[in-house]
>>> print(open('model_4.csv').read())   # CSV, C-alpha atoms
chain,number,residue,atom,x,y,z
A,1,VAL,CA,2.3,-2.6,15.4
A,2,ALA,CA,5.3,-0.7,16.7
A,3,GLY,CA,4.0,2.5,15.2
A,4,PHE,CA,0.6,1.9,17.0
A,5,ALA,CA,2.4,1.3,20.3
A,6,LEU,CA,4.5,4.5,19.9
A,7,GLN,CA,1.3,6.4,19.0
A,8,LYS,CA,-0.9,5.1,21.8
A,9,CYS,CA,1.6,4.5,24.6
A,10,PHE,CA,4.2,7.2,24.2
A,11,GLY,CA,2.1,9.8,22.3
A,12,ARG,CA,2.0,12.1,25.2
A,13,PHE,CA,5.7,12.2,25.6
A,14,VAL,CA,7.0,11.8,22.0
A,15,PRO,CA,5.5,13.8,19.2
A,16,PHE,CA,5.5,10.6,16.9
A,17,THR,CA,2.2,11.3,15.4
A,18,ARG,CA,3.1,14.9,14.4
A,19,VAL,CA,6.1,13.7,12.5
A,20,VAL,CA,4.6,10.7,10.6
A,21,VAL,CA,1.0,11.6,9.8
A,22,PHE,CA,0.3,12.6,6.2
A,23,TYR,CA,-0.9,16.2,6.1
A,24,PRO,CA,-0.8,17.4,2.5
A,25,PRO,CA,0.3,21.0,3.2
A,26,THR,CA,3.6,19.6,4.7
A,27,LEU,CA,4.6,18.5,1.2
A,28,LYS,CA,5.3,22.1,0.4
A,29,ALA,CA,7.9,22.1,3.2
A,30,GLY,CA,9.6,19.1,1.6
A,31,GLU,CA,8.4,16.5,4.2
A,32,VAL,CA,7.8,13.8,1.5
A,33,TRP,CA,8.5,10.9,4.0
A,34,ARG,CA,4.9,11.5,5.2
A,35,LEU,CA,3.7,9.9,2.0
A,36,LEU,CA,4.9,6.5,3.4
A,37,THR,CA,5.1,6.9,7.1
A,38,HIS,CA,1.4,7.5,7.7
A,39,VAL,CA,0.9,3.7,7.5
A,40,LEU,CA,2.4,3.4,11.0
A,41,LEU,CA,-0.5,5.2,12.5
A,42,HIS,CA,-4.0,3.7,13.2
A,43,SER,CA,-7.1,5.3,14.7
A,44,ASP,CA,-7.7,2.4,17.1
A,45,LEU,CA,-7.0,-1.3,17.7
A,46,SER,CA,-9.7,-2.6,15.4
A,47,HIS,CA,-8.3,-0.5,12.5
A,48,LEU,CA,-4.8,-2.0,13.2
A,49,ALA,CA,-6.3,-5.5,13.4
A,50,VAL,CA,-8.2,-5.3,10.1
A,51,ASN,CA,-5.1,-4.0,8.3
A,52,LEU,CA,-2.9,-6.8,9.8
A,53,LEU,CA,-5.4,-9.4,8.7
A,54,HIS,CA,-5.5,-7.9,5.3
A,55,LEU,CA,-1.7,-8.0,5.1
A,56,LEU,CA,-1.7,-11.6,6.2
A,57,ASN,CA,-4.1,-12.4,3.5
A,58,THR,CA,-1.6,-11.1,0.9
A,59,LEU,CA,1.3,-13.2,2.1
A,60,ASP,CA,1.0,-15.5,-0.8
A,61,LEU,CA,2.2,-12.6,-3.0
A,62,GLU,CA,5.5,-13.2,-1.3
A,63,GLY,CA,5.2,-16.9,-2.0
A,64,VAL,CA,5.2,-17.8,1.6
A,65,ALA,CA,1.6,-18.5,2.5
A,66,PRO,CA,1.6,-21.9,4.2
A,67,GLY,CA,-0.9,-24.3,2.9
A,68,SER,CA,-2.4,-22.0,0.3
A,69,GLY,CA,-2.6,-24.9,-2.1
A,70,TYR,CA,-1.6,-22.6,-5.0
A,71,PRO,CA,1.8,-22.5,-6.7
A,72,ASP,CA,3.8,-19.3,-6.0
A,73,CYS,CA,4.0,-18.6,-9.7
A,74,TYR,CA,2.5,-15.2,-9.2
A,75,ALA,CA,4.9,-14.3,-6.4
A,76,LEU,CA,6.6,-10.9,-7.0
A,77,GLY,CA,9.5,-11.1,-4.7
A,78,SER,CA,10.4,-8.9,-1.8
A,79,ARG,CA,11.8,-6.0,-3.7
A,80,HIS,CA,8.8,-5.7,-6.0
A,81,ILE,CA,6.3,-6.1,-3.2
A,82,ALA,CA,8.0,-3.2,-1.3
A,83,ARG,CA,7.9,-1.0,-4.4
A,84,ALA,CA,4.2,-1.9,-5.2
A,85,ALA,CA,3.4,-1.2,-1.5
A,86,ALA,CA,5.2,2.2,-1.6
A,87,THR,CA,3.5,3.1,-4.9
A,88,ALA,CA,0.1,2.2,-3.6
A,89,THR,CA,0.6,4.0,-0.2
A,90,ALA,CA,1.9,7.3,-1.8
A,91,TYR,CA,-0.7,7.2,-4.6
A,92,GLY,CA,-3.5,6.5,-2.1
A,93,ALA,CA,-2.5,9.4,0.1
A,94,LEU,CA,-2.1,11.8,-2.8
A,95,VAL,CA,-5.4,11.0,-4.5
A,96,ALA,CA,-7.3,11.1,-1.2
A,97,SER,CA,-5.8,14.5,-0.4
A,98,VAL,CA,-7.3,16.1,-3.5
A,99,GLY,CA,-10.8,16.1,-2.0
A,100,CYS,CA,-9.6,16.7,1.6
A,101,PHE,CA,-6.5,18.8,1.3
A,102,GLY,CA,-6.5,20.0,5.0
A,103,ALA,CA,-7.2,16.5,6.4
A,104,MET,CA,-4.6,14.3,8.2
A,105,PHE,CA,-4.3,10.8,6.9
A,106,GLU,CA,-3.3,7.6,8.8
A,107,GLY,CA,-3.5,3.9,8.3
A,108,ALA,CA,-2.2,1.2,6.0
A,109,SER,CA,-5.4,0.5,4.1
A,110,ALA,CA,-4.2,2.0,0.8
A,111,LEU,CA,-1.1,-0.3,1.1
A,112,CYS,CA,-3.3,-3.3,1.8
A,113,PHE,CA,-5.5,-2.6,-1.2
A,114,GLY,CA,-2.4,-1.9,-3.3
A,115,LEU,CA,-1.1,-5.4,-2.5
A,116,ASP,CA,-4.6,-6.8,-3.5
A,117,GLY,CA,-4.2,-4.9,-6.8
A,118,ALA,CA,-0.7,-6.2,-7.4
A,119,LEU,CA,-1.8,-9.8,-6.6
A,120,LEU,CA,-4.8,-9.6,-9.0
A,121,GLY,CA,-2.6,-7.9,-11.6
A,122,ALA,CA,0.0,-10.7,-11.4
A,123,CYS,CA,-2.6,-13.4,-11.7
A,124,GLY,CA,-4.3,-11.5,-14.5
A,125,LEU,CA,-1.1,-11.4,-16.5
A,126,LEU,CA,-0.6,-15.1,-16.0
A,127,LEU,CA,-4.1,-15.9,-17.0
A,128,GLY,CA,-3.9,-13.6,-20.0
A,129,ALA,CA,-0.8,-15.3,-21.2
A,130,GLY,CA,-2.4,-18.7,-20.8
A,131,THR,CA,0.4,-20.0,-18.6
A,132,GLN,CA,-1.6,-20.7,-15.4
A,133,PRO,CA,-5.3,-21.4,-16.3
A,134,GLY,CA,-5.7,-23.0,-12.8
A,135,LEU,CA,-5.5,-19.5,-11.2
A,136,GLN,CA,-8.9,-18.5,-12.5
A,137,GLY,CA,-10.8,-19.7,-9.4
A,138,PHE,CA,-8.2,-18.2,-7.1
A,139,MET,CA,-8.4,-14.9,-8.9
A,140,GLN,CA,-12.1,-14.8,-8.7
A,141,THR,CA,-12.1,-15.5,-5.0
A,142,ARG,CA,-9.4,-12.9,-4.3
A,143,GLY,CA,-11.3,-10.4,-6.4
A,144,MET,CA,-14.5,-11.0,-4.5
A,145,TYR,CA,-12.6,-10.6,-1.2
A,146,ALA,CA,-11.2,-7.3,-2.3
A,147,MET,CA,-14.6,-6.0,-3.6
A,148,MET,CA,-16.3,-7.2,-0.4
A,149,HIS,CA,-13.7,-5.5,1.8
A,150,MET,CA,-14.0,-2.3,-0.2
A,151,GLY,CA,-17.8,-2.5,-0.1
A,152,ILE,CA,-17.7,-2.8,3.7
A,153,ASP,CA,-15.4,0.2,3.9
A,154,ILE,CA,-17.8,2.2,1.7
A,155,LEU,CA,-20.7,1.3,3.9
A,156,ARG,CA,-18.7,2.2,7.0
A,157,GLY,CA,-17.7,5.5,5.4
A,158,CYS,CA,-21.2,6.4,4.6
A,159,GLY,CA,-22.3,5.8,8.2
A,160,SER,CA,-19.3,7.6,9.6
A,161,PRO,CA,-20.2,11.1,10.9
A,162,GLY,CA,-16.8,12.6,9.9
A,163,GLY,CA,-16.3,10.4,6.9
A,164,THR,CA,-13.2,8.9,8.4
A,165,VAL,CA,-12.9,5.9,6.1
A,166,GLY,CA,-10.7,6.9,3.1
A,167,ASN,CA,-12.6,5.2,0.3
A,168,SER,CA,-10.7,7.2,-2.4
A,169,ALA,CA,-7.4,6.3,-0.8
A,170,HIS,CA,-8.4,2.6,-0.8
A,171,LEU,CA,-9.4,2.6,-4.4
A,172,ALA,CA,-6.3,4.6,-5.4
A,173,GLY,CA,-4.1,2.2,-3.5
A,174,PHE,CA,-5.7,-0.7,-5.3
A,175,LEU,CA,-5.1,1.0,-8.7
A,176,GLY,CA,-1.6,1.9,-7.7
A,177,GLY,CA,-0.6,-1.7,-6.9
A,178,LEU,CA,-2.3,-2.9,-10.1
A,179,ALA,CA,-0.6,-0.2,-12.2
A,180,TYR,CA,2.8,-1.1,-10.7
A,181,VAL,CA,2.6,-4.7,-11.8
A,182,ILE,CA,1.3,-3.8,-15.3
A,183,ALA,CA,3.9,-1.0,-15.8
A,184,VAL,CA,7.0,-2.8,-14.4
A,185,LEU,CA,6.2,-6.3,-15.3
A,186,PRO,CA,8.2,-7.9,-12.6
A,187,PRO,CA,9.4,-11.5,-13.1
A,188,LEU,CA,6.6,-13.6,-11.6
A,189,GLY,CA,7.4,-16.6,-9.4
A,190,GLY,CA,10.8,-15.2,-8.6
A,191,ARG,CA,12.3,-13.9,-5.3
A,192,ALA,CA,13.9,-10.7,-6.8
>>> encode(input="model_4.csv", output="structure tokens")
Amino acid sequence: VAGFALQKCFGRFVPFTRVVVFYPPTLKAGEVWRLLTHVLLHSDLSHLAVNLLHLLNTLDLEGVAPGSGYPDCYALGSRHIARAAATATAYGALVASVGCFGAMFEGASALCFGLDGALLGACGLLLGAGTQPGLQGFMQTRGMYAMMHMGIDILRGCGSPGGTVGNSAHLAGFLGGLAYVIAVLPPLGGRA
């Protein structure tokens, strides 16, 4: 929200956008922070609102979702959530830049889908181990939510004249979050 305010309110005075937007050619100049900072930018208020709602929907990954009705056995803890989010964000930007090397990237959608991937990965590990069979319905619901959101974005991207919806970044973010959980195997249910 602060990034959006800086971008929209002070953008004429402070070159905030020029410093944080992900523009692939700047990686050659060593500006690697752009792989993560582009999540501070959003094209408009509806883009910001959708991403904030998506992030709120993944609060149970932290084990803090009030009234979710599910145990926080799949909670990753703050440190692993931050790492999964960073992995998904950077991976989403890099994969999306392959097809559009000269484009500028903004938004937190790859991060949001990355947290979906991490959540589904954590639940999948618990279901596969047979320790939490009650999570099956939850995982199906969350999986349907992620597929529906990605489907809506694909439809929006097909109807967008400039192709502004980064479908490849969203999918890559999802896979980045999922891969983080599978590769690192963080202790589930902990607050590490």
>>> atom_distance(input="model_4.csv", atom1="atom CA of Val39 of chain A", atom2="atom CA of Pro15 of chain A")
16.1 Å
>>> residues_around(input="model_4.csv", residues="segment 105-114 of chain A", least_positions_apart="4", cutoff="7 Å", atoms="all atoms listed in the file", output="list in words")
Val21, Phe22, Tyr23, His38, Val39, Leu40, Leu41, His42, Asn51, His54, Leu55, Ala84, Ala85, Ala88, Thr89, Gly92, Ala118, Ala169, His170, Gly173, Phe174, Leu175, Gly176, Gly177 and Leu178 of chain A
>>> closest_residue(input="model_4.csv", among="A:Ser43, A:Thr87, A:Thr131, A:Thr17", to="Gly117 of chain A", atoms="only C-alpha atoms")
A:Thr87
>>> atom_distance(input="model_4.csv", atom1="atom CA of Val1 of chain A", atom2="atom CA of Gly77 of chain A")
23.0 Å
>>> closest_residue(input="model_4.csv", among="A:Leu52, A:Ile154, A:Met147, A:Leu45", to="Asp116 of chain A", atoms="all atoms listed in the file")
A:Met147
>>> atom_distance(input="model_4.csv", atom1="atom CA of Gly151 of chain A", atom2="atom CA of Val98 of chain A")
21.6 Å
>>> residues_near_point(input="model_4.csv", point="(-1.4, 16.5, 3.2)", cutoff="8 Å", atoms="only C-alpha atoms", output="PyMOL selection string")
chain A and resi 22-27+93-94+97+101-105
>>> closest_residue(input="model_4.csv", among="A:Val50, A:Leu36, A:Ala96, A:Leu126", to="Pro187 of chain A", atoms="all atoms listed in the file")
A:Leu126
